[in-house]
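J.: Here you go, this is structure.pdb (PDB, C-alpha atoms).
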MODEL        1
ATOM      1  CA  MET A   1       0.000   0.000   0.000
ATOM      2  CA  LYS A   2       1.363   3.369  -0.942
ATOM      3  CA  ARG A   3       2.091   5.813   1.817
ATOM      4  CA  SER A   4       0.152   9.059   1.686
ATOM      5  CA  GLU A   5       3.129  11.257   2.532
ATOM      6  CA  GLN A   6       2.461  14.690   1.111
ATOM      7  CA  SER A   7       4.733  16.734   3.375
ATOM      8  CA  PRO A   8       7.656  18.877   2.244
ATOM      9  CA  VAL A   9       9.894  16.220   3.815
ATOM     10  CA  ALA A  10       8.566  13.551   1.431
ATOM     11  CA  SER A  11       8.900  15.865  -1.565
ATOM     12  CA  GLN A  12      12.471  16.749  -0.644
ATOM     13  CA  ARG A  13      13.320  13.073  -0.219
ATOM     14  CA  VAL A  14      12.083  12.361  -3.744
ATOM     15  CA  ALA A  15      13.936  15.405  -5.063
ATOM     16  CA  ASP A  16      17.146  14.152  -3.454
ATOM     17  CA  VAL A  17      16.734  10.704  -5.047
ATOM     18  CA  VAL A  18      16.123  12.091  -8.532
ATOM     19  CA  ALA A  19      18.869  14.737  -8.217
ATOM     20  CA  GLU A  20      21.381  12.052  -7.263
ATOM     21  CA  ARG A  21      20.439   9.992 -10.318
ATOM     22  CA  ILE A  22      20.862  13.025 -12.561
ATOM     23  CA  LEU A  23      24.145  14.152 -11.027
ATOM     24  CA  THR A  24      25.655  10.660 -11.154
ATOM     25  CA  GLY A  25      24.654  10.184 -14.784
ATOM     26  CA  GLN A  26      22.043   7.469 -14.206
ATOM     27  CA  LEU A  27      19.563   9.880 -15.775
ATOM     28  CA  LYS A  28      20.911  11.800 -18.761
ATOM     29  CA  PRO A  29      19.812  15.072 -20.404
ATOM     30  CA  GLY A  30      16.550  14.554 -22.259
ATOM     31  CA  ASP A  31      15.613  11.358 -20.393
ATOM     32  CA  ARG A  32      11.944  11.159 -19.482
ATOM     33  CA  ILE A  33      11.078  10.947 -15.793
ATOM     34  CA  LYS A  34       7.994   8.763 -15.393
ATOM     35  CA  GLN A  35       6.109  10.052 -12.397
ATOM     36  CA  ASP A  36       3.895   6.988 -11.930
ATOM     37  CA  GLU A  37       6.877   4.643 -11.950
ATOM     38  CA  LEU A  38       8.811   6.863  -9.548
ATOM     39  CA  ALA A  39       5.864   7.078  -7.160
ATOM     40  CA  SER A  40       5.449   3.307  -7.252
ATOM     41  CA  GLU A  41       9.159   2.688  -6.716
ATOM     42  CA  LEU A  42       9.273   4.982  -3.676
ATOM     43  CA  ASN A  43       5.885   3.796  -2.372
ATOM     44  CA  LEU A  44       4.409   7.274  -2.435
ATOM     45  CA  SER A  45       1.475   9.068  -3.988
ATOM     46  CA  ARG A  46       2.062  11.218  -7.063
ATOM     47  CA  ILE A  47       1.692  14.457  -5.091
ATOM     48  CA  PRO A  48       5.142  14.480  -3.425
ATOM     49  CA  VAL A  49       6.662  13.266  -6.700
ATOM     50  CA  ARG A  50       5.084  16.137  -8.597
ATOM     51  CA  ASP A  51       6.209  18.610  -5.924
ATOM     52  CA  ALA A  52       9.723  17.147  -6.038
ATOM     53  CA  LEU A  53       9.935  17.686  -9.780
ATOM     54  CA  ARG A  54       8.935  21.319  -9.299
ATOM     55  CA  ILE A  55      11.774  21.671  -6.781
ATOM     56  CA  LEU A  56      14.191  20.220  -9.338
ATOM     57  CA  GLU A  57      12.829  22.504 -12.037
ATOM     58  CA  THR A  58      13.794  25.521  -9.926
ATOM     59  CA  ARG A  59      17.314  24.061  -9.661
ATOM     60  CA  GLY A  60      17.482  23.719 -13.432
ATOM     61  CA  LEU A  61      17.782  19.932 -13.303
ATOM     62  CA  VAL A  62      14.343  19.079 -14.676
ATOM     63  CA  SER A  63      12.218  20.502 -17.470
ATOM     64  CA  LEU A  64       8.429  20.425 -17.011
ATOM     65  CA  LYS A  65       6.199  21.046 -20.004
ATOM     66  CA  ALA A  66       2.450  20.748 -20.422
ATOM     67  CA  ASN A  67       1.458  17.565 -22.276
ATOM     68  CA  ALA A  68       5.104  16.496 -22.384
ATOM     69  CA  GLY A  69       5.722  15.521 -18.781
ATOM     70  CA  ALA A  70       9.050  15.776 -17.016
ATOM     71  CA  ARG A  71      12.455  15.301 -18.567
ATOM     72  CA  VAL A  72      16.002  15.800 -17.393
ATOM     73  CA  ALA A  73      16.987  19.295 -18.485
ATOM     74  CA  SER A  74      19.398  19.550 -21.392
ATOM     75  CA  LEU A  75      21.487  22.391 -22.774
ATOM     76  CA  GLY A  76      22.187  23.244 -26.355
ATOM     77  CA  LEU A  77      25.561  24.628 -27.359
ATOM     78  CA  ARG A  78      24.426  28.251 -27.104
ATOM     79  CA  ASP A  79      22.858  27.660 -23.674
ATOM     80  CA  MET A  80      26.076  26.102 -22.455
ATOM     81  CA  GLU A  81      28.109  29.048 -23.753
ATOM     82  CA  LEU A  82      25.849  31.550 -21.982
ATOM     83  CA  SER A  83      25.991  29.523 -18.764
ATOM     84  CA  TYR A  84      29.774  29.653 -18.784
ATOM     85  CA  GLN A  85      29.859  33.350 -19.596
ATOM     86  CA  ILE A  86      27.608  33.994 -16.619
ATOM     87  CA  ARG A  87      29.661  31.691 -14.387
ATOM     88  CA  GLU A  88      32.819  33.539 -15.366
ATOM     89  CA  MET A  89      31.280  36.767 -14.075
ATOM     90  CA  LEU A  90      29.408  35.555 -10.992
ATOM     91  CA  GLU A  91      31.637  32.902  -9.433
ATOM     92  CA  PRO A  92      34.589  35.261  -8.936
ATOM     93  CA  MET A  93      32.166  37.649  -7.219
ATOM     94  CA  LEU A  94      30.967  34.859  -4.929
ATOM     95  CA  LEU A  95      34.550  33.862  -4.128
ATOM     96  CA  ALA A  96      35.522  37.455  -3.319
ATOM     97  CA  GLU A  97      32.563  37.665  -0.930
ATOM     98  CA  SER A  98      33.606  34.409   0.724
ATOM     99  CA  ILE A  99      37.378  34.704   1.186
ATOM    100  CA  PRO A 100      37.395  37.180   4.116
ATOM    101  CA  ASN A 101      35.167  34.832   6.132
ATOM    102  CA  LEU A 102      36.950  31.538   5.470
ATOM    103  CA  THR A 103      38.557  29.824   8.450
ATOM    104  CA  GLU A 104      41.655  27.719   8.899
ATOM    105  CA  ALA A 105      39.329  24.704   9.096
ATOM    106  CA  ASP A 106      37.989  25.624   5.641
ATOM    107  CA  PHE A 107      41.528  25.821   4.255
ATOM    108  CA  ALA A 108      42.357  22.438   5.802
ATOM    109  CA  ALA A 109      39.239  20.909   4.242
ATOM    110  CA  MET A 110      40.174  22.335   0.842
ATOM    111  CA  ALA A 111      43.731  21.019   1.154
ATOM    112  CA  GLU A 112      42.452  17.537   1.999
ATOM    113  CA  THR A 113      40.009  17.557  -0.912
ATOM    114  CA  LYS A 114      42.712  18.822  -3.257
ATOM    115  CA  ALA A 115      44.981  15.958  -2.209
ATOM    116  CA  ARG A 116      42.226  13.446  -2.893
ATOM    117  CA  LEU A 117      41.625  15.019  -6.321
ATOM    118  CA  GLU A 118      45.257  14.319  -7.193
ATOM    119  CA  ARG A 119      44.605  10.577  -6.860
ATOM    120  CA  VAL A 120      41.259  10.078  -8.601
ATOM    121  CA  THR A 121      41.059   8.448 -12.021
ATOM    122  CA  HIS A 122      37.293   8.181 -12.573
ATOM    123  CA  ALA A 123      34.830  10.978 -13.275
ATOM    124  CA  ASP A 124      32.305   9.648 -10.762
ATOM    125  CA  ASP A 125      34.925  10.124  -8.035
ATOM    126  CA  TYR A 126      36.225  13.388  -9.446
ATOM    127  CA  MET A 127      32.943  15.298  -9.727
ATOM    128  CA  PRO A 128      31.811  15.322  -6.059
ATOM    129  CA  LEU A 129      35.344  16.125  -4.910
ATOM    130  CA  ALA A 130      35.656  19.007  -7.373
ATOM    131  CA  ARG A 131      32.315  20.334  -6.175
ATOM    132  CA  ASP A 132      33.389  20.053  -2.536
ATOM    133  CA  PHE A 133      36.638  21.904  -3.276
ATOM    134  CA  HIS A 134      34.936  24.875  -4.900
ATOM    135  CA  TRP A 135      31.955  25.082  -2.589
ATOM    136  CA  THR A 136      34.185  24.982   0.470
ATOM    137  CA  ALA A 137      35.864  28.035  -1.044
ATOM    138  CA  PHE A 138      32.433  29.654  -1.398
ATOM    139  CA  ARG A 139      31.090  28.738   2.031
ATOM    140  CA  GLY A 140      32.127  32.011   3.674
ATOM    141  CA  HIS A 141      29.739  34.050   1.522
ATOM    142  CA  GLN A 142      26.897  36.081   2.968
ATOM    143  CA  VAL A 143      25.076  36.583  -0.328
ATOM    144  CA  PRO A 144      22.613  33.669  -0.590
ATOM    145  CA  LEU A 145      20.876  34.954  -3.731
ATOM    146  CA  LEU A 146      24.161  35.010  -5.648
ATOM    147  CA  ALA A 147      25.044  31.543  -4.331
ATOM    148  CA  GLN A 148      21.676  30.171  -5.458
ATOM    149  CA  ILE A 149      22.225  31.458  -8.988
ATOM    150  CA  VAL A 150      25.714  29.949  -9.127
ATOM    151  CA  GLU A 151      24.494  26.628  -7.744
ATOM    152  CA  ARG A 152      21.785  26.437 -10.408
ATOM    153  CA  LEU A 153      24.425  27.006 -13.096
ATOM    154  CA  TRP A 154      26.544  24.236 -11.585
ATOM    155  CA  ASP A 155      23.572  21.864 -11.624
ATOM    156  CA  THR A 156      22.467  22.633 -15.170
ATOM    157  CA  THR A 157      25.976  22.180 -16.577
ATOM    158  CA  HIS A 158      26.825  19.115 -14.483
ATOM    159  CA  HIS A 159      26.363  16.513 -17.226
ATOM    160  CA  TYR A 160      28.671  18.356 -19.600
ATOM    161  CA  ARG A 161      31.290  19.065 -16.953
ATOM    162  CA  ARG A 162      31.263  15.369 -16.069
ATOM    163  CA  ALA A 163      31.710  14.401 -19.727
ATOM    164  CA  TYR A 164      34.614  16.830 -20.004
ATOM    165  CA  ALA A 165      36.130  15.415 -16.797
ATOM    166  CA  VAL A 166      36.226  12.029 -18.534
ATOM    167  CA  VAL A 167      38.238  13.622 -21.339
ATOM    168  CA  VAL A 168      40.611  15.392 -18.935
ATOM    169  CA  LEU A 169      41.247  12.317 -16.789
ATOM    170  CA  GLN A 170      42.378  10.433 -19.900
ATOM    171  CA  ASN A 171      44.715  13.193 -21.100
ATOM    172  CA  ALA A 172      47.931  13.715 -19.113
ATOM    173  CA  GLU A 173      48.522  17.221 -20.489
ATOM    174  CA  LEU A 174      45.017  18.479 -19.701
ATOM    175  CA  LEU A 175      45.166  16.828 -16.293
ATOM    176  CA  GLU A 176      48.399  18.623 -15.444
ATOM    177  CA  VAL A 177      46.905  21.969 -16.480
ATOM    178  CA  MET A 178      43.873  21.312 -14.281
ATOM    179  CA  ARG A 179      46.063  20.451 -11.310
ATOM    180  CA  ALA A 180      48.236  23.523 -11.801
ATOM    181  CA  GLU A 181      45.185  25.788 -11.908
ATOM    182  CA  ARG A 182      43.840  24.184  -8.747
ATOM    183  CA  ASP A 183      47.153  24.730  -6.964
ATOM    184  CA  LEU A 184      47.269  28.387  -8.019
ATOM    185  CA  LEU A 185      43.667  28.961  -6.960
ATOM    186  CA  PHE A 186      44.084  27.297  -3.582
ATOM    187  CA  GLY A 187      47.276  29.224  -2.855
ATOM    188  CA  ALA A 188      45.634  32.571  -3.639
ATOM    189  CA  ILE A 189      42.569  31.718  -1.541
ATOM    190  CA  GLN A 190      44.683  30.572   1.401
ATOM    191  CA  ARG A 191      46.652  33.817   1.258
ATOM    192  CA  ARG A 192      43.323  35.676   1.098
ATOM    193  CA  GLU A 193      44.315  37.448  -2.098
ATOM    194  CA  ILE A 194      40.903  38.885  -2.894
ATOM    195  CA  ASP A 195      42.090  40.515  -6.130
ATOM    196  CA  LEU A 196      44.049  37.559  -7.505
ATOM    197  CA  ALA A 197      41.983  34.515  -6.528
ATOM    198  CA  PRO A 198      38.811  35.591  -8.394
ATOM    199  CA  ARG A 199      40.900  36.279 -11.529
ATOM    200  CA  ILE A 200      42.421  32.785 -11.348
ATOM    201  CA  LEU A 201      38.944  31.307 -10.941
ATOM    202  CA  ALA A 202      37.635  33.291 -13.930
ATOM    203  CA  ALA A 203      40.537  32.046 -16.063
ATOM    204  CA  HIS A 204      39.850  28.468 -14.976
ATOM    205  CA  ILE A 205      36.178  28.750 -15.913
ATOM    206  CA  ARG A 206      37.103  30.298 -19.277
ATOM    207  CA  ARG A 207      39.581  27.524 -20.057
ATOM    208  CA  THR A 208      37.032  24.843 -19.168
ATOM    209  CA  HIS A 209      34.507  26.626 -21.384
ATOM    210  CA  ILE A 210      36.976  26.523 -24.284
ATOM    211  CA  GLY A 211      37.634  22.840 -23.626
ATOM    212  CA  LEU A 212      33.930  22.080 -23.723
ATOM    213  CA  LEU A 213      33.605  23.864 -27.059
ATOM    214  CA  GLU A 214      36.578  21.960 -28.471
ATOM    215  CA  HIS A 215      34.949  18.665 -27.474
ATOM    216  CA  SER A 216      31.338  19.689 -28.111
ATOM    217  CA  GLU A 217      30.662  16.849 -30.548
ATOM    218  CA  ALA A 218      31.963  14.189 -28.193
ATOM    219  CA  LEU A 219      30.045  15.777 -25.319
ATOM    220  CA  GLU A 220      26.786  15.637 -27.292
ATOM    221  CA  LEU A 221      26.202  19.374 -27.222
ATOM    222  CA  GLY A 222      23.703  20.173 -29.925
ATOM    223  CA  GLU A 223      22.908  23.474 -31.504
ATOM    224  CA  ALA A 224      19.404  23.686 -30.075
TER     225      ALA A 224
ENDMDL
END
Would you put the structure from the file into structure tokens?

T.:
Amino acid sequence: MKRSEQSPVASQRVADVVAERILTGQLKPGDRIKQDELASELNLSRIPVRDALRILETRGLVSLKANAGARVASLGLRDMELSYQIREMLEPMLLAESIPNLTEADFAAMAETKARLERVTHADDYMPLARDFHWTAFRGHQVPLLAQIVERLWDTTHHYRRAYAVVVLQNAELLEVMRAERDLLFGAIQRREIDLAPRILAAHIRRTHIGLLEHSEALELGEA
């Protein structure tokens, strides 16, 4: 018998399940999300499932259209380019807001994550660590609206960043560039260089953007 959970807690639980499947690549851009099957699998009514999909739509992970149901959100080439242009402007701002409030514990956490990133060889291990590294750097911010916008951009571009991570992890030259950028960024953040660190971050985002464009065919970025 299905449970009649209709609380925000139930909806958030469903949202967490679906988000994890999207962010780990189990669900890919354009995949249909069948609400009846999801409700049955989780032993819930359709109401918390529908509410969960609305939550994910606000995060940019799911697209909801009348008469078309729910699908995993996908980006065309132009959308991806715009997302990266916006990231290049906003993320350095978020970092500059955060740096003065970071603690020694934050720096230690970043250093540990950075060390773990040096050892990973698979994208599924790399992606959560890379996210932890950057969002630890952002955690000192006091501008939640800006952070929400940046997080949405991270979520909507996740699939393509993961695909590019696969490329990087198989290319020694690209991997060394990525590591060098990470070292430079961490050093500037740790020294609280509010002018330099955001510029390094902007350059890193721009270089990743260029890499995505160079591998757009392999990453299945269409023109739409």

J.: Taking the file as I've supplied it (selection: the PyMOL selection byres ((chain A and resi 61) around 8)), which residues are included? Please answer as a ChimeraX atom specification.

T.: /A:19,22,56-60,62-63,72-73,155-156

J.: Write out the residues from the selection above, keeping C-alpha atoms, as a PDB file, in the frame of the given file.

T.:
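Here's the written file part_27.pdb:
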ATOM      1  CA  ALA A  19      18.869  14.737  -8.217  1.00  0.00           C
ATOM      2  CA  ILE A  22      20.862  13.025 -12.561  1.00  0.00           C
ATOM      3  CA  LEU A  56      14.191  20.220  -9.338  1.00  0.00           C
ATOM      4  CA  GLU A  57      12.829  22.504 -12.037  1.00  0.00           C
ATOM      5  CA  THR A  58      13.794  25.521  -9.926  1.00  0.00           C
ATOM      6  CA  ARG A  59      17.314  24.061  -9.661  1.00  0.00           C
ATOM      7  CA  GLY A  60      17.482  23.719 -13.432  1.00  0.00           C
ATOM      8  CA  VAL A  62      14.343  19.079 -14.676  1.00  0.00           C
ATOM      9  CA  SER A  63      12.218  20.502 -17.470  1.00  0.00           C
ATOM     10  CA  VAL A  72      16.002  15.800 -17.393  1.00  0.00           C
ATOM     11  CA  ALA A  73      16.987  19.295 -18.485  1.00  0.00           C
ATOM     12  CA  ASP A 155      23.572  21.864 -11.624  1.00  0.00           C
ATOM     13  CA  THR A 156      22.467  22.633 -15.170  1.00  0.00           C
TER      14      THR A 156
END

J.: Quote the spacing between CA of Glu151 (chain A) and CA of Pro100 (chain A) in Å to one decimal place.

T.: 20.5 Å

J.: Which one is closest to Ala109 (chain A): A:Asp132, A:Glu97, A:Asp124, A:Glu37? Count only C-alpha atoms.

T.: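 Looking only at the distances to Ala109 (chain A), the closest residue turns out to be A:Asp132.
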
J.: I'd like to know which of A:Tyr164, A:Phe186, A:Tyr84, A:Phe107 is closest to Tyr126 (chain A), using only C-alpha atoms.

T.: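 Of A:Tyr164, A:Phe186, A:Tyr84, A:Phe107, the one nearest Tyr126 (chain A), counting only C-alpha atoms, is A:Tyr164.
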
J.: Using CA of Ala202 (chain A) and CA of Val150 (chain A) as the two end points, give the distance in Å to one decimal.

T.: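 A separation of 13.3 Å between them.
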
J.: Please compute the CA of Arg21 (chain A)-CA of Ala163 (chain A) distance, one decimal, in Å.

T.: 15.3 Å

J.: Pick from A:Pro8, A:Pro48, A:Ala96, A:Asn43: nearest to Ile194 (chain A), with all atoms listed in the file counted?

T.: A:Ala96

J.: Just give me the residues with any atom within 12 Å of (41.4, 16.8, -19.1), file coordinates, counting all atoms listed in the file, written as a PyMOL selection string.

T.: chain A and resi 121-123+126+161-179+207-208+210-212+214-215

J.: Pick the closest to Pro144 (chain A) from A:Met127, A:Ala68, A:Leu94, A:Met80: which is it, counting only C-alpha atoms?

T.: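 So, comparing all the options, the nearest one is A:Leu94.
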
J.: Centre and edge lengths, as AutoDock Vina command-line options, for the axis-aligned box enclosing every listed atom of region 147-155 of chain A with 5 Å of padding on each of the six sides, in Å to one decimal?

T.:
--center_x 24.1 --center_y 26.7 --center_z -8.7 --size_x 14.9 --size_y 19.7 --size_z 18.8

J.: For Leu77 (chain A), which of A:Arg206, A:Tyr160, A:Thr24, A:Leu102 is the closest residue, counting all atoms listed in the file?

T.: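 Selected residue with least distance to Leu77 (chain A): A:Tyr160.
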
J.: Here is a test: counting all atoms listed in the file, which residue of A:Glu41, A:Glu81, A:Asp51, A:Glu91 is nearest to Arg152 (chain A)?

T.: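 Between A:Glu41, A:Glu81, A:Asp51, A:Glu91, the residue approaching Arg152 (chain A) most closely is A:Glu91.
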
J.: Run the PyMOL selection byres ((chain A and resi 136) around 9) mentally over the shown coordinates, then write out the matched residues as a list in words, using the chain letters and numbers from the document.

T.: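 Residues picked by the PyMOL selection byres ((chain A and resi 136) around 9): Leu102, Asp106, Phe107, Ala109, Met110, Arg131, Asp132, Phe133, His134, Trp135, Ala137, Phe138, Arg139 and Gly140 of chain A.
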
J.: What's around region 34-36 of chain A at 9 Å? Count all atoms listed in the file, leave out sequence neighbours fewer than 2 positions away in its own chain, and write the answer as a list in words.

T.: Arg32, Leu38, Ala39, Ser40, Glu41, Ser45, Arg46, Val49, Arg50, Leu53, Gly69, Ala70 and Arg71 of chain A

J.: Pop region 92-109 of chain A out of the structure in the block and write N, CA and C atoms as a PDB file, in the first residue's frame.

T.:
ATOM      1  N   PRO A  92      33.559  34.449  -9.579  1.00  0.00           N
ATOM      2  CA  PRO A  92      34.589  35.261  -8.936  1.00  0.00           C
ATOM      3  C   PRO A  92      34.007  36.245  -7.914  1.00  0.00           C
ATOM      4  N   MET A  93      32.819  36.770  -8.187  1.00  0.00           N
ATOM      5  CA  MET A  93      32.166  37.649  -7.219  1.00  0.00           C
ATOM      6  C   MET A  93      31.848  36.888  -5.939  1.00  0.00           C
ATOM      7  N   LEU A  94      31.318  35.669  -6.095  1.00  0.00           N
ATOM      8  CA  LEU A  94      30.967  34.859  -4.929  1.00  0.00           C
ATOM      9  C   LEU A  94      32.220  34.507  -4.121  1.00  0.00           C
ATOM     10  N   LEU A  95      33.300  34.187  -4.813  1.00  0.00           N
ATOM     11  CA  LEU A  95      34.550  33.862  -4.128  1.00  0.00           C
ATOM     12  C   LEU A  95      35.089  35.071  -3.366  1.00  0.00           C
ATOM     13  N   ALA A  96      35.040  36.239  -3.985  1.00  0.00           N
ATOM     14  CA  ALA A  96      35.522  37.455  -3.319  1.00  0.00           C
ATOM     15  C   ALA A  96      34.713  37.758  -2.062  1.00  0.00           C
ATOM     16  N   GLU A  97      33.415  37.472  -2.107  1.00  0.00           N
ATOM     17  CA  GLU A  97      32.563  37.665  -0.930  1.00  0.00           C
ATOM     18  C   GLU A  97      32.917  36.674   0.173  1.00  0.00           C
ATOM     19  N   SER A  98      33.369  35.491  -0.223  1.00  0.00           N
ATOM     20  CA  SER A  98      33.606  34.409   0.724  1.00  0.00           C
ATOM     21  C   SER A  98      34.959  34.479   1.422  1.00  0.00           C
ATOM     22  N   ILE A  99      35.998  34.823   0.682  1.00  0.00           N
ATOM     23  CA  ILE A  99      37.378  34.704   1.186  1.00  0.00           C
ATOM     24  C   ILE A  99      37.602  35.354   2.559  1.00  0.00           C
ATOM     25  N   PRO A 100      37.116  36.572   2.807  1.00  0.00           N
ATOM     26  CA  PRO A 100      37.395  37.180   4.116  1.00  0.00           C
ATOM     27  C   PRO A 100      36.831  36.384   5.296  1.00  0.00           C
ATOM     28  N   ASN A 101      35.839  35.551   5.050  1.00  0.00           N
ATOM     29  CA  ASN A 101      35.167  34.832   6.132  1.00  0.00           C
ATOM     30  C   ASN A 101      35.591  33.375   6.243  1.00  0.00           C
ATOM     31  N   LEU A 102      36.495  32.923   5.389  1.00  0.00           N
ATOM     32  CA  LEU A 102      36.950  31.538   5.470  1.00  0.00           C
ATOM     33  C   LEU A 102      37.845  31.349   6.685  1.00  0.00           C
ATOM     34  N   THR A 103      37.791  30.138   7.249  1.00  0.00           N
ATOM     35  CA  THR A 103      38.557  29.824   8.450  1.00  0.00           C
ATOM     36  C   THR A 103      39.716  28.889   8.117  1.00  0.00           C
ATOM     37  N   GLU A 104      40.571  28.682   9.086  1.00  0.00           N
ATOM     38  CA  GLU A 104      41.655  27.719   8.899  1.00  0.00           C
ATOM     39  C   GLU A 104      41.102  26.317   8.679  1.00  0.00           C
ATOM     40  N   ALA A 105      39.969  26.011   9.310  1.00  0.00           N
ATOM     41  CA  ALA A 105      39.329  24.704   9.096  1.00  0.00           C
ATOM     42  C   ALA A 105      38.870  24.560   7.645  1.00  0.00           C
ATOM     43  N   ASP A 106      38.388  25.651   7.049  1.00  0.00           N
ATOM     44  CA  ASP A 106      37.989  25.624   5.641  1.00  0.00           C
ATOM     45  C   ASP A 106      39.200  25.359   4.751  1.00  0.00           C
ATOM     46  N   PHE A 107      40.309  26.027   5.054  1.00  0.00           N
ATOM     47  CA  PHE A 107      41.528  25.821   4.255  1.00  0.00           C
ATOM     48  C   PHE A 107      42.018  24.378   4.383  1.00  0.00           C
ATOM     49  N   ALA A 108      41.927  23.822   5.593  1.00  0.00           N
ATOM     50  CA  ALA A 108      42.357  22.438   5.802  1.00  0.00           C
ATOM     51  C   ALA A 108      41.473  21.482   5.017  1.00  0.00           C
ATOM     52  N   ALA A 109      40.168  21.756   4.999  1.00  0.00           N
ATOM     53  CA  ALA A 109      39.239  20.909   4.242  1.00  0.00           C
ATOM     54  C   ALA A 109      39.537  20.979   2.753  1.00  0.00           C
TER      55      ALA A 109
END
